[in-house]
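A.B. asks: The following file, entry_4.txt, comprises compact mmCIF, C-alpha atoms:
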```
# COMPACT_ATOMS: atom_id res chain seq x y z
CA MET Y 898 22.56 3.15 -17.21
CA HIS Y 899 23.44 -0.55 -17.00
CA SER Y 900 24.18 -2.80 -19.99
CA GLU Y 901 21.77 -5.47 -21.14
CA PRO Y 902 23.80 -8.39 -19.66
CA GLU Y 903 23.98 -6.55 -16.33
CA ILE Y 904 20.22 -5.99 -16.33
CA ARG Y 905 19.60 -9.66 -17.18
CA GLN Y 906 21.85 -10.77 -14.33
CA ALA Y 907 20.27 -8.36 -11.85
CA LEU Y 908 16.81 -9.54 -12.87
CA ARG Y 909 17.79 -13.20 -12.46
CA GLU Y 910 19.14 -12.56 -8.98
CA TRP Y 911 16.08 -10.58 -7.94
CA ILE Y 912 13.64 -13.19 -9.29
CA LEU Y 913 15.47 -16.04 -7.54
CA GLY Y 914 15.38 -14.02 -4.31
CA LYS Y 915 11.60 -13.74 -4.56
CA ALA Y 916 10.74 -17.16 -6.02
CA ARG Y 917 12.55 -19.20 -3.42
CA ASP Y 918 11.16 -22.52 -4.70
CA LEU Y 919 12.50 -21.90 -8.20
CA ASP Y 920 15.59 -23.93 -9.14
CA PRO Y 921 18.17 -21.47 -10.60
CA ALA Y 922 18.90 -23.95 -13.40
CA ALA Y 923 15.23 -23.90 -14.38
CA LEU Y 924 15.09 -20.12 -14.76
CA THR Y 925 15.68 -19.17 -18.39
CA ASP Y 926 15.06 -15.92 -20.23
CA THR Y 927 11.74 -17.32 -21.46
CA THR Y 928 10.44 -18.82 -18.21
CA PRO Y 929 6.88 -17.46 -17.70
CA LEU Y 930 7.29 -15.68 -14.39
CA PHE Y 931 3.71 -14.82 -13.50
CA GLU Y 932 1.90 -17.51 -15.48
CA ARG Y 933 3.69 -20.19 -13.46
CA ARG Y 934 3.22 -18.10 -10.33
CA TYR Y 935 6.88 -17.75 -9.45
CA LEU Y 936 5.96 -14.08 -9.04
CA ARG Y 937 2.61 -12.43 -8.30
CA SER Y 938 1.33 -9.03 -9.30
CA LEU Y 939 2.14 -7.73 -5.82
CA HIS Y 940 5.82 -8.13 -6.76
CA VAL Y 941 5.45 -5.67 -9.66
CA PRO Y 942 6.11 -2.45 -7.68
CA GLU Y 943 9.46 -3.80 -6.45
CA LEU Y 944 10.27 -5.12 -9.93
CA LEU Y 945 9.50 -1.72 -11.50
CA LEU Y 946 11.69 0.03 -8.94
CA LEU Y 947 14.54 -2.32 -9.83
CA LEU Y 948 14.04 -1.78 -13.57
CA GLU Y 949 13.91 2.00 -13.12
CA ARG Y 950 17.13 1.92 -11.12
CA LEU Y 951 18.87 -0.28 -13.70
CA ARG Y 952 17.86 1.83 -16.68
CA GLY Y 953 18.15 5.10 -14.79
CA GLU Y 954 14.79 6.61 -15.62
CA PRO Y 955 11.15 6.32 -14.57
CA ILE Y 956 8.64 3.93 -16.15
CA ASP Y 957 5.10 5.08 -16.94
CA VAL Y 958 2.92 2.43 -15.31
CA GLU Y 959 -0.55 3.55 -16.39
CA ASP Y 960 -0.86 1.38 -19.48
CA LEU Y 961 1.07 -1.68 -18.37
CA GLY Y 962 -0.48 -5.16 -18.31
CA ALA Y 963 0.43 -8.75 -17.59
CA GLY Y 964 1.95 -9.24 -21.07
CA ASP Y 965 4.66 -6.67 -20.34
CA PHE Y 966 6.07 -8.81 -17.52
CA ARG Y 967 5.89 -12.30 -19.03
CA ASP Y 968 9.58 -13.31 -18.80
CA ILE Y 969 13.09 -11.87 -18.70
CA ASP Y 970 13.24 -11.43 -22.49
CA THR Y 971 9.96 -9.49 -22.45
CA LEU Y 972 11.15 -7.31 -19.57
CA LEU Y 973 14.34 -6.48 -21.48
CA ALA Y 974 12.44 -5.69 -24.68
CA LYS Y 975 9.95 -3.47 -22.87
CA PHE Y 976 12.10 -1.83 -20.21
CA GLY Y 977 15.72 -2.51 -21.19
CA PRO Y 978 18.42 -0.05 -22.27
CA ALA Y 979 17.55 -0.13 -26.02
CA ARG Y 980 13.99 0.87 -25.23
CA ALA Y 981 15.18 3.57 -22.82
CA ALA Y 982 17.43 5.04 -25.48
CA SER Y 983 14.75 5.07 -28.19
CA MET C 65 -17.30 -22.62 -0.83
CA THR C 66 -19.03 -25.51 1.00
CA VAL C 67 -22.53 -25.16 2.43
CA THR C 68 -21.09 -25.28 5.95
CA ALA C 69 -18.54 -22.55 5.19
CA ALA C 70 -21.23 -20.40 3.51
CA ALA C 71 -23.45 -20.78 6.58
CA ARG C 72 -20.56 -19.90 8.88
CA LEU C 73 -19.78 -16.82 6.82
CA ARG C 74 -23.45 -15.76 6.85
CA ASP C 75 -23.52 -16.11 10.64
CA ALA C 76 -20.25 -14.19 10.91
CA ILE C 77 -21.59 -11.28 8.85
CA ALA C 78 -24.85 -11.32 10.82
CA SER C 79 -22.84 -11.07 14.05
CA LEU C 80 -21.40 -7.77 12.77
CA LYS C 81 -24.80 -6.14 12.29
CA GLU C 82 -24.89 -4.50 15.70
CA THR C 83 -21.37 -3.10 15.22
CA SER C 84 -22.07 -1.85 11.71
CA ASP C 85 -25.35 -0.22 12.81
CA ARG C 86 -23.54 1.59 15.63
CA LEU C 87 -20.76 2.73 13.27
CA SER C 88 -23.37 3.91 10.75
CA ARG C 89 -24.98 6.12 13.41
CA LEU C 90 -21.56 7.60 14.26
CA SER C 91 -20.87 8.22 10.57
CA GLN C 92 -24.20 10.01 10.15
CA ARG C 93 -23.37 12.25 13.10
CA SER C 94 -19.96 13.27 11.71
CA TYR C 95 -21.05 13.58 8.08
CA GLN C 96 -19.04 16.38 6.47
CA ASN C 97 -18.76 18.46 3.33
CA PRO C 98 -15.21 18.06 1.94
CA TYR C 99 -15.57 21.23 -0.14
CA THR C 100 -16.05 23.50 2.88
CA ALA C 101 -14.13 21.64 5.61
CA VAL C 102 -10.68 22.98 4.66
CA ASP C 103 -9.52 26.54 4.28
CA TRP C 104 -6.92 26.02 1.57
CA PRO C 105 -4.24 28.78 1.52
CA GLU C 106 -3.34 30.33 -1.84
CA SER C 107 0.18 28.98 -1.58
CA VAL C 108 2.50 27.21 0.85
CA ASP C 109 6.25 27.36 1.43
CA PRO C 110 7.78 23.86 1.21
CA GLU C 111 11.13 25.07 2.58
CA THR C 112 9.98 26.72 5.81
CA GLU C 113 6.61 25.08 6.66
CA TRP C 114 6.47 21.46 7.83
CA PHE C 115 4.00 19.10 6.17
CA SER C 116 5.28 15.79 7.63
CA SER C 117 6.78 14.95 11.00
CA PRO C 118 10.55 14.64 10.50
CA GLU C 119 10.70 11.46 12.63
CA LEU C 120 8.41 9.72 10.13
CA LEU C 121 10.37 10.62 7.00
CA SER C 122 11.89 7.80 4.98
CA LEU C 123 15.43 9.17 5.33
CA TYR C 124 15.22 9.84 9.07
CA GLY C 125 18.00 8.01 10.89
CA THR C 126 19.84 7.13 7.66
CA PRO C 127 23.36 8.45 6.87
CA VAL C 128 22.05 10.99 4.35
CA TRP C 129 19.75 12.57 6.97
CA ASP C 130 22.74 14.07 8.81
CA THR C 131 23.93 15.73 5.59
CA LEU C 132 20.64 17.63 5.05
CA ASP C 133 20.18 21.13 6.42
CA GLU C 134 16.87 22.34 7.88
CA ARG C 135 15.53 23.63 4.55
CA ALA C 136 16.37 20.40 2.74
CA ARG C 137 14.65 18.34 5.47
CA CYS C 138 11.62 20.59 5.27
CA ARG C 139 11.52 20.25 1.47
CA LEU C 140 11.73 16.47 1.77
CA ALA C 141 8.90 16.54 4.33
CA PHE C 142 6.72 18.46 1.86
CA HIS C 143 7.23 16.00 -1.01
CA GLU C 144 6.85 13.02 1.31
CA ALA C 145 3.51 14.47 2.45
CA ALA C 146 2.41 14.54 -1.21
CA ASN C 147 3.64 10.96 -1.60
CA PHE C 148 1.79 9.86 1.55
CA TYR C 149 -1.40 11.49 0.30
CA SER C 150 -0.85 9.94 -3.16
CA LEU C 151 -0.48 6.42 -1.82
CA ASN C 152 -3.65 7.02 0.17
CA ILE C 153 -5.44 8.07 -3.02
CA HIS C 154 -4.34 4.90 -4.83
CA GLY C 155 -5.16 2.69 -1.85
CA GLU C 156 -8.60 4.26 -1.54
CA LYS C 157 -9.29 3.87 -5.26
CA GLY C 158 -8.89 0.10 -4.90
CA LEU C 159 -10.90 0.17 -1.70
CA MET C 160 -13.79 2.08 -3.30
CA GLN C 161 -13.86 -0.32 -6.26
CA GLY C 162 -14.03 -3.31 -3.91
CA LEU C 163 -16.68 -1.75 -1.68
CA ALA C 164 -18.85 -0.71 -4.63
CA ALA C 165 -18.65 -4.22 -6.08
CA ARG C 166 -19.93 -5.70 -2.78
CA LEU C 167 -22.78 -3.25 -2.10
CA TYR C 168 -26.09 -5.10 -1.67
CA ARG C 169 -24.61 -8.49 -2.36
CA ARG C 170 -27.04 -10.88 -0.68
CA ASP C 171 -24.62 -12.35 1.84
CA LEU C 172 -23.37 -8.88 2.84
CA ALA C 173 -26.82 -7.26 3.07
CA ASP C 174 -26.59 -6.96 6.87
CA VAL C 175 -23.71 -4.50 6.56
CA ALA C 176 -24.84 -2.66 3.38
CA ASP C 177 -25.69 0.54 5.28
CA TYR C 178 -22.20 0.76 6.67
CA LEU C 179 -20.60 -0.05 3.32
CA HIS C 180 -22.32 3.08 1.99
CA HIS C 181 -20.68 5.19 4.73
CA PHE C 182 -17.34 3.47 4.21
CA LEU C 183 -17.47 4.26 0.49
CA ASP C 184 -18.63 7.84 1.04
CA GLU C 185 -15.94 8.55 3.63
CA GLU C 186 -13.15 7.07 1.51
CA ASN C 187 -14.19 9.25 -1.42
CA LYS C 188 -14.10 12.33 0.80
CA HIS C 189 -10.65 11.43 2.11
CA SER C 190 -9.40 11.24 -1.45
CA ILE C 191 -10.87 14.71 -2.13
CA PHE C 192 -8.73 16.06 0.73
CA PHE C 193 -5.62 14.19 -0.40
CA GLY C 194 -6.15 15.13 -4.04
CA GLY C 195 -6.92 18.73 -3.02
CA PHE C 196 -3.50 19.08 -1.45
CA CYS C 197 -1.55 17.29 -4.19
CA THR C 198 -3.15 19.12 -7.11
CA ARG C 199 -2.94 22.58 -5.47
CA TYR C 200 0.61 22.48 -4.16
CA ALA C 201 2.49 19.41 -5.41
CA ARG C 202 1.46 16.49 -7.62
CA VAL C 203 -0.18 13.08 -7.38
CA TYR C 204 2.60 10.50 -7.54
CA PRO C 205 1.64 7.47 -9.65
CA THR C 206 1.40 4.09 -8.00
CA LYS C 207 3.55 1.20 -9.17
CA GLN C 208 0.88 -1.34 -8.29
CA VAL C 209 -0.36 -3.14 -11.39
CA SER C 210 -3.00 -5.80 -10.84
CA PHE C 211 -3.27 -8.90 -13.02
CA GLU C 212 -3.88 -11.43 -10.30
CA VAL C 213 -5.35 -14.83 -11.06
CA LYS C 214 -9.01 -15.20 -10.19
CA ARG C 215 -9.58 -16.91 -6.86
CA PRO C 216 -12.76 -18.36 -5.29
CA ARG C 217 -15.09 -15.63 -4.06
CA ASP C 218 -14.62 -16.27 -0.34
CA VAL C 219 -10.84 -16.05 -0.79
CA GLU C 220 -11.13 -12.83 -2.81
CA ASP C 221 -13.44 -11.36 -0.15
CA PHE C 222 -11.07 -12.24 2.67
CA LEU C 223 -8.00 -10.92 0.85
CA PHE C 224 -9.77 -7.72 -0.13
CA PHE C 225 -10.81 -6.82 3.41
CA ALA C 226 -7.48 -8.03 4.86
CA ARG C 227 -5.50 -5.84 2.41
CA VAL C 228 -7.71 -2.87 3.29
CA MET C 229 -7.03 -3.44 6.96
CA VAL C 230 -3.24 -3.79 6.49
CA PHE C 231 -3.12 -0.61 4.41
CA GLU C 232 -5.27 1.38 6.83
CA GLU C 233 -3.50 0.19 9.98
CA ILE C 234 -0.14 1.46 8.68
CA VAL C 235 -1.55 4.73 7.38
CA ASP C 236 -3.35 5.32 10.66
CA ARG C 237 -0.11 5.26 12.66
CA TYR C 238 1.12 8.17 10.51
CA ASN C 239 -2.20 10.00 10.77
CA TRP C 240 -2.35 9.58 14.55
CA TRP C 241 1.15 10.98 15.02
CA GLN C 242 0.94 13.81 12.49
CA GLY C 243 -2.54 14.93 13.50
CA ARG C 244 -1.11 15.81 16.91
CA ASP C 245 2.19 17.29 15.74
CA GLU C 246 1.98 21.05 16.41
CA ARG C 247 5.01 21.73 14.22
CA LEU C 248 2.96 20.87 11.12
CA HIS C 249 1.11 23.31 8.87
CA PRO C 250 -2.61 23.49 9.89
CA VAL C 251 -3.71 21.94 6.59
CA ALA C 252 -1.42 18.93 7.10
CA ARG C 253 -2.64 18.54 10.67
CA PHE C 254 -6.26 18.72 9.56
CA ILE C 255 -5.86 16.13 6.79
CA ASN C 256 -4.11 13.68 9.10
CA ASN C 257 -6.37 14.28 12.08
CA ASN C 258 -9.56 14.04 10.06
CA HIS C 259 -8.40 10.83 8.41
CA HIS C 260 -7.49 9.29 11.75
CA PHE C 261 -10.84 10.27 13.26
CA GLU C 262 -12.81 8.56 10.49
CA GLU C 263 -10.45 5.62 10.03
CA ALA C 264 -10.98 4.68 13.68
CA ARG C 265 -14.45 3.44 12.68
CA HIS C 266 -13.19 1.69 9.56
CA LEU C 267 -10.50 -0.08 11.57
CA ILE C 268 -13.01 -1.39 14.12
CA PHE C 269 -15.15 -2.71 11.27
CA GLY C 270 -12.15 -4.11 9.39
CA ARG C 271 -10.66 -5.97 12.35
CA ARG C 272 -13.98 -7.59 13.23
CA LEU C 273 -14.88 -8.48 9.65
CA VAL C 274 -11.47 -9.92 8.75
CA GLU C 275 -11.38 -12.09 11.87
CA ALA C 276 -14.95 -13.26 11.30
CA MET C 277 -14.18 -14.13 7.67
CA TRP C 278 -10.99 -15.96 8.62
CA GLN C 279 -12.76 -18.04 11.26
CA ALA C 280 -15.62 -18.83 8.88
CA CYS C 281 -13.63 -19.59 5.73
CA ALA C 282 -10.14 -20.79 6.63
CA PRO C 283 -11.25 -24.16 8.12
CA ALA C 284 -12.55 -25.10 4.66
CA TRP C 285 -9.34 -24.08 2.85
CA ASP C 286 -6.58 -26.64 2.23
CA ASP C 287 -2.98 -26.11 3.33
CA GLU C 288 -1.84 -24.95 -0.12
CA LEU C 289 -4.53 -22.28 -0.28
CA ILE C 290 -3.82 -21.04 3.23
CA GLU C 291 -0.12 -20.78 2.35
CA ASP C 292 -1.05 -18.83 -0.79
CA VAL C 293 -3.22 -16.43 1.25
CA ARG C 294 -0.41 -15.91 3.77
CA GLU C 295 2.16 -15.27 1.04
CA HIS C 296 -0.18 -12.79 -0.62
CA LEU C 297 -0.70 -10.79 2.57
CA THR C 298 3.00 -10.91 3.42
CA GLN C 299 3.96 -9.54 0.00
CA PHE C 300 1.19 -6.93 0.26
CA LEU C 301 2.75 -5.68 3.50
CA VAL C 302 6.17 -5.44 1.79
CA THR C 303 4.68 -3.64 -1.23
CA SER C 304 2.72 -1.23 0.96
CA TRP C 305 5.81 -0.25 2.92
CA ARG C 306 7.97 -0.01 -0.18
CA GLU C 307 5.82 2.84 -1.54
CA TYR C 308 6.99 5.07 1.32
CA TYR C 309 10.50 5.05 -0.24
CA ASN C 310 9.80 6.78 -3.54
CA PRO C 311 12.74 7.81 -5.80
CA ALA C 312 10.51 10.40 -7.51
CA VAL C 313 10.09 12.14 -4.14
CA TYR C 314 13.84 12.29 -3.59
CA ALA C 315 14.31 13.72 -7.11
CA ASP C 316 11.61 16.36 -6.47
CA ALA C 317 13.31 17.23 -3.18
CA GLY C 318 16.52 17.91 -5.12
CA LEU C 319 18.47 14.91 -3.81
CA ALA C 320 21.09 13.17 -5.96
CA ASP C 321 20.96 9.48 -7.03
CA PRO C 322 17.32 8.98 -6.04
CA TYR C 323 17.17 5.25 -6.93
CA ASP C 324 20.24 4.37 -4.88
CA LEU C 325 18.92 6.54 -2.09
CA ALA C 326 15.65 4.58 -2.06
CA GLU C 327 17.57 1.30 -1.78
CA GLN C 328 19.80 2.61 0.99
CA ALA C 329 16.88 4.05 2.93
CA TRP C 330 14.86 0.82 2.61
CA ALA C 331 17.79 -1.21 3.99
CA ALA C 332 18.87 1.25 6.72
CA PRO C 333 18.63 -0.23 10.25
CA ALA C 334 16.78 2.82 11.61
CA GLN C 335 14.14 2.52 8.88
CA ARG C 336 13.77 -1.24 9.34
CA GLU C 337 13.17 -0.62 13.02
CA HIS C 338 10.70 2.17 12.16
CA ARG C 339 8.68 -0.19 9.93
CA ARG C 340 8.72 -2.93 12.55
CA ARG C 341 7.66 -0.55 15.32
CA THR C 342 4.91 1.02 13.22
CA SER C 343 3.61 -2.44 12.26
CA THR C 344 3.62 -3.86 15.82
CA LYS C 345 -0.11 -3.55 16.46
CA LEU C 346 -0.98 -4.89 13.02
CA LEU C 347 1.36 -7.88 13.33
CA GLY C 348 -0.03 -8.60 16.80
CA TYR C 349 -3.51 -8.77 15.31
CA LEU C 350 -2.49 -10.91 12.33
CA THR C 351 -0.61 -13.45 14.45
CA SER C 352 -3.07 -13.57 17.37
CA THR C 353 -5.89 -14.38 14.93
CA GLY C 354 -3.73 -17.05 13.23
CA ILE C 355 -3.90 -15.30 9.86
CA LEU C 356 -0.09 -15.10 9.80
CA VAL C 357 2.12 -17.57 11.62
CA LYS C 358 5.49 -15.90 11.09
CA GLU C 359 6.86 -12.38 10.83
CA PRO C 360 7.06 -11.04 7.25
CA VAL C 361 10.84 -10.70 7.31
CA ASP C 362 11.11 -9.09 3.86
CA ALA C 363 9.23 -6.04 5.18
CA PHE C 364 11.79 -5.41 7.90
```
Starting from the coordinates I provided, produce the structure as structure tokens.

C.D. replies:
Amino acid sequence: MHSEPEIRQALREWILGKARDLDPAALTDTTPLFERRYLRSLHVPELLLLLERLRGEPIDVEDLGAGDFRDIDTLLAKFGPARAAS
Amino acid sequence: MTVTAAARLRDAIASLKETSDRLSRLSQRSYQNPYTAVDWPESVDPETEWFSSPELLSLYGTPVWDTLDERARCRLAFHEAANFYSLNIHGEKGLMQGLAARLYRRDLADVADYLHHFLDEENKHSIFFGGFCTRYARVYPTKQVSFEVKRPRDVEDFLFFARVMVFEEIVDRYNWWQGRDERLHPVARFINNNHHFEEARHLIFGRRLVEAMWQACAPAWDDELIEDVREHLTQFLVTSWREYYNPAVYADAGLADPYDLAEQAWAAPAQREHRRRTSTKLLGYLTSTGILVKEPVDAF
């Protein structure tokens, strides 16, 4: 399992790879990723695969909604290492 | 949608009536009972019977493939068959929802009869796919979560039918190959062959409808919207392909480090070439109609 800073960094890199018009300096941990359309829901499967790999276990997708993917902070709170350990 | 675009779309749908009537007659002739069409065996042996063609497996041609013995390859082929059937189930769920929502809509009334067959046949396919997964393996969950922004109706219509076509064109290449592969278990051959036989009609309908919708609607869309539509379809192609590389399958097949394996397989040159080759006909259609203007590089 990766640490929280490692997950944050990996998420940043992945998001900037997908949202090519997004200035890296403008991407913070609270930037609304889907609301501002840097990402679209079709990116979610790849994002979930990345999160599963980083935390080292599967994510149950059945009850997930837009609010679970709002920004990097939300992703960490929902899918990060603390959550995985709980 | 402008009055001119609405009129163009109406004319485009009307031009499909002859095709959809012909396809409806063919569907009536091949109407089948999914509960009697397959002789399901009590059990199967995932380590000695083949359920997928090895050349189509997601690890074929990657470094790990050479490390697998015959039984391990066979086991992988079994779980990948269940994954292939599962992604078909999830794709068809979305398709059935979209078809049901459009049944008897006034501007689609000319093709309503065929939409009934389309819906009926997709439901039956899912009965076959689900029948295999629930008897012998499991239904793998999809990672697709939809919370897309609402778009104008003509854009939603176009994207819906274009996504259906992209999904079905890829799946059909697998069905076509595996339906003819005599190494496969008879049940696997039947499921693939039957799906290919029926999808042939859906693909004819899909190609004609998507092109007609594009020609009718796109001239009224501004550059930003057209770019948005192209990005959506490009990402859909990437997402569709990505589901063939499922870490849960590798774990079920007893392979170590399934997440890293999925990344390595996705990036392997042989697999990139496989995706490109399998998508050739689809990409030819999308670029010749002007729907896409460049190759979706992230998919390959």

A.B. asks: Using all atoms listed in the file, which of C:Phe254, C:Trp330, C:Phe142, C:Phe300 sits nearest chain Y?

C.D. replies: C:Phe300

A.B. asks: Please report as a list in words which residues of chain C come no farther than 7 Å from chain Y, using all atoms listed in the file.

C.D. replies: Lys207, Gln208, Val209, Ser210, Phe211, Glu212, Gln299, Phe300, Thr303 and Tyr323 of chain C

A.B. asks: Under the rule that only C-alpha atoms are counted, which of Y:Ile904, Y:Leu936, Y:Leu913, Y:Ala923 is the nearest residue to Asp970 (chain Y)?

C.D. replies: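 Closest to Asp970 (chain Y), using only C-alpha atoms: Y:Ile904.
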
A.B. asks: Please list as a list of chain:residue names every residue within 8 Å of Val219 (chain C), counting only C-alpha atoms and excluding residues in the same chain fewer than 3 positions away.

C.D. replies: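 Surrounding residues, per the criterion: C:Arg215, C:Pro216, C:Phe222, C:Leu223, C:Cys281, C:Val293.
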
A.B. asks: Calculated over all atoms listed in the file, which of the candidates Y:Leu908, Y:Leu930, Y:Ala922, Y:Ala916 has the smallest distance to Phe976 (chain Y)?

C.D. replies: Y:Leu908

A.B. asks: Quick one: distance from CA of Phe115 (chain C) to CA of Leu347 (chain C) in Å, one decimal?

C.D. replies: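 These two atoms are separated by 28.0 Å.
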
A.B. asks: Have a look at CA of Leu163 (chain C) and CA of Gly270 (chain C) and let me know their distance in Å, one decimal.

C.D. replies: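 The value is 12.2 Å.
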
A.B. asks: Counting all atoms listed in the file, figure out which residue out of C:Pro250, C:Tyr178, C:Gln242, C:Pro360 gets nearest to Leu80 (chain C).

C.D. replies: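 Checking each of C:Pro250, C:Tyr178, C:Gln242, C:Pro360 against Leu80 (chain C), counting all atoms listed in the file, the winner is C:Tyr178.
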
A.B. asks: Kindly provide, as a ChimeraX atom specification, the polymer residues lying within 12 Å of (-12.1, 5.5, 11.2), counting only C-alpha atoms and using the coordinates exactly as they appear in the file.

C.D. replies: /C:87-88,90-91,94,181-182,185-186,189,229,232-233,235-236,239-240,256-271

A.B. asks: Would you output that residue set with C-alpha atoms, as a PDB file, keeping the file's coordinate frame?

C.D. replies:
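In the end it all went to part08.pdb:
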```
ATOM      1  CA  LEU C  87     -20.760   2.730  13.270  1.00  0.00           C
ATOM      2  CA  SER C  88     -23.370   3.910  10.750  1.00  0.00           C
ATOM      3  CA  LEU C  90     -21.560   7.600  14.260  1.00  0.00           C
ATOM      4  CA  SER C  91     -20.870   8.220  10.570  1.00  0.00           C
ATOM      5  CA  SER C  94     -19.960  13.270  11.710  1.00  0.00           C
ATOM      6  CA  HIS C 181     -20.680   5.190   4.730  1.00  0.00           C
ATOM      7  CA  PHE C 182     -17.340   3.470   4.210  1.00  0.00           C
ATOM      8  CA  GLU C 185     -15.940   8.550   3.630  1.00  0.00           C
ATOM      9  CA  GLU C 186     -13.150   7.070   1.510  1.00  0.00           C
ATOM     10  CA  HIS C 189     -10.650  11.430   2.110  1.00  0.00           C
ATOM     11  CA  MET C 229      -7.030  -3.440   6.960  1.00  0.00           C
ATOM     12  CA  GLU C 232      -5.270   1.380   6.830  1.00  0.00           C
ATOM     13  CA  GLU C 233      -3.500   0.190   9.980  1.00  0.00           C
ATOM     14  CA  VAL C 235      -1.550   4.730   7.380  1.00  0.00           C
ATOM     15  CA  ASP C 236      -3.350   5.320  10.660  1.00  0.00           C
ATOM     16  CA  ASN C 239      -2.200  10.000  10.770  1.00  0.00           C
ATOM     17  CA  TRP C 240      -2.350   9.580  14.550  1.00  0.00           C
ATOM     18  CA  ASN C 256      -4.110  13.680   9.100  1.00  0.00           C
ATOM     19  CA  ASN C 257      -6.370  14.280  12.080  1.00  0.00           C
ATOM     20  CA  ASN C 258      -9.560  14.040  10.060  1.00  0.00           C
ATOM     21  CA  HIS C 259      -8.400  10.830   8.410  1.00  0.00           C
ATOM     22  CA  HIS C 260      -7.490   9.290  11.750  1.00  0.00           C
ATOM     23  CA  PHE C 261     -10.840  10.270  13.260  1.00  0.00           C
ATOM     24  CA  GLU C 262     -12.810   8.560  10.490  1.00  0.00           C
ATOM     25  CA  GLU C 263     -10.450   5.620  10.030  1.00  0.00           C
ATOM     26  CA  ALA C 264     -10.980   4.680  13.680  1.00  0.00           C
ATOM     27  CA  ARG C 265     -14.450   3.440  12.680  1.00  0.00           C
ATOM     28  CA  HIS C 266     -13.190   1.690   9.560  1.00  0.00           C
ATOM     29  CA  LEU C 267     -10.500  -0.080  11.570  1.00  0.00           C
ATOM     30  CA  ILE C 268     -13.010  -1.390  14.120  1.00  0.00           C
ATOM     31  CA  PHE C 269     -15.150  -2.710  11.270  1.00  0.00           C
ATOM     32  CA  GLY C 270     -12.150  -4.110   9.390  1.00  0.00           C
ATOM     33  CA  ARG C 271     -10.660  -5.970  12.350  1.00  0.00           C
TER      34      ARG C 271
END
```

A.B. asks: Between CA of Gly158 (chain C) and CA of Asp85 (chain C), measure the distance and give it in Å to one decimal.

C.D. replies: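 Interatomic distance, CA of Gly158 (chain C) to CA of Asp85 (chain C): 24.2 Å.
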
A.B. asks: If we count all atoms listed in the file and set the cut-off at 8 Å, which residues sit around region 145-150 of chain C, ignoring sequence neighbours fewer than 4 positions away in its own chain? Please answer as a PyMOL selection string.

C.D. replies: chain C and resi 115-116+141+154+193-194+196-197+201-206+308+310+313

A.B. asks: Which polymer residues have any atom within 12 Å of an atom of Gln161 (chain C), counting only C-alpha atoms, with same-chain residues fewer than 6 positions away left out, as number ranges by chain?

C.D. replies: C: 154-155, 167, 179, 182-184, 186-187, 224, 228

A.B. asks: Contacts of Gly125 (chain C) at 12 Å or less, counting only C-alpha atoms, minus same-chain residues fewer than 6 places along, as a VMD selection string?

C.D. replies: chain C and resid 118 to 119 131 to 132 328 to 338

A.B. asks: So which one's closest to Phe231 (chain C), C:Ala136, C:Ile355, C:Leu346, C:Met160? Using all atoms listed in the file, please.

C.D. replies: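 That would be C:Leu346, the residue with the smallest distance to Phe231 (chain C).
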
A.B. asks: Rank nothing, just name the residue among C:Asp109, C:Glu288, C:Asn152, C:Ser190 nearest to Glu307 (chain C), using all atoms listed in the file.

C.D. replies: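 The answer is C:Asn152, which sits nearest to Glu307 (chain C).
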
A.B. asks: Pull out region 961-970 of chain Y, keep N, CA and C atoms, and write it as a tab-separated table (two decimals), in the first residue's frame.

C.D. replies:
```tsv
chain	number	residue	atom	x	y	z
Y	961	LEU	N	-21.33	4.25	-5.64
Y	961	LEU	CA	-20.56	5.48	-5.78
Y	961	LEU	C	-21.32	6.51	-6.63
Y	962	GLY	N	-21.11	7.78	-6.31
Y	962	GLY	CA	-21.73	8.86	-7.07
Y	962	GLY	C	-20.75	9.98	-7.29
Y	963	ALA	N	-21.22	11.04	-7.96
Y	963	ALA	CA	-20.35	12.15	-8.34
Y	963	ALA	C	-19.62	12.74	-7.13
Y	964	GLY	N	-20.31	12.81	-5.98
Y	964	GLY	CA	-19.72	13.45	-4.79
Y	964	GLY	C	-18.48	12.73	-4.28
Y	965	ASP	N	-18.31	11.48	-4.63
Y	965	ASP	CA	-17.16	10.71	-4.16
Y	965	ASP	C	-15.88	11.03	-4.94
Y	966	PHE	N	-16.04	11.78	-6.03
Y	966	PHE	CA	-14.89	12.05	-6.92
Y	966	PHE	C	-14.61	13.54	-7.07
Y	967	ARG	N	-15.14	14.36	-6.16
Y	967	ARG	CA	-15.13	15.81	-6.37
Y	967	ARG	C	-13.74	16.38	-6.62
Y	968	ASP	N	-12.79	16.08	-5.73
Y	968	ASP	CA	-11.44	16.64	-5.83
Y	968	ASP	C	-10.44	15.67	-5.19
Y	969	ILE	N	-9.18	16.05	-5.17
Y	969	ILE	CA	-8.15	15.13	-4.65
Y	969	ILE	C	-8.38	14.85	-3.17
Y	970	ASP	N	-8.74	15.86	-2.40
Y	970	ASP	CA	-9.01	15.65	-0.97
Y	970	ASP	C	-10.14	14.63	-0.76
```
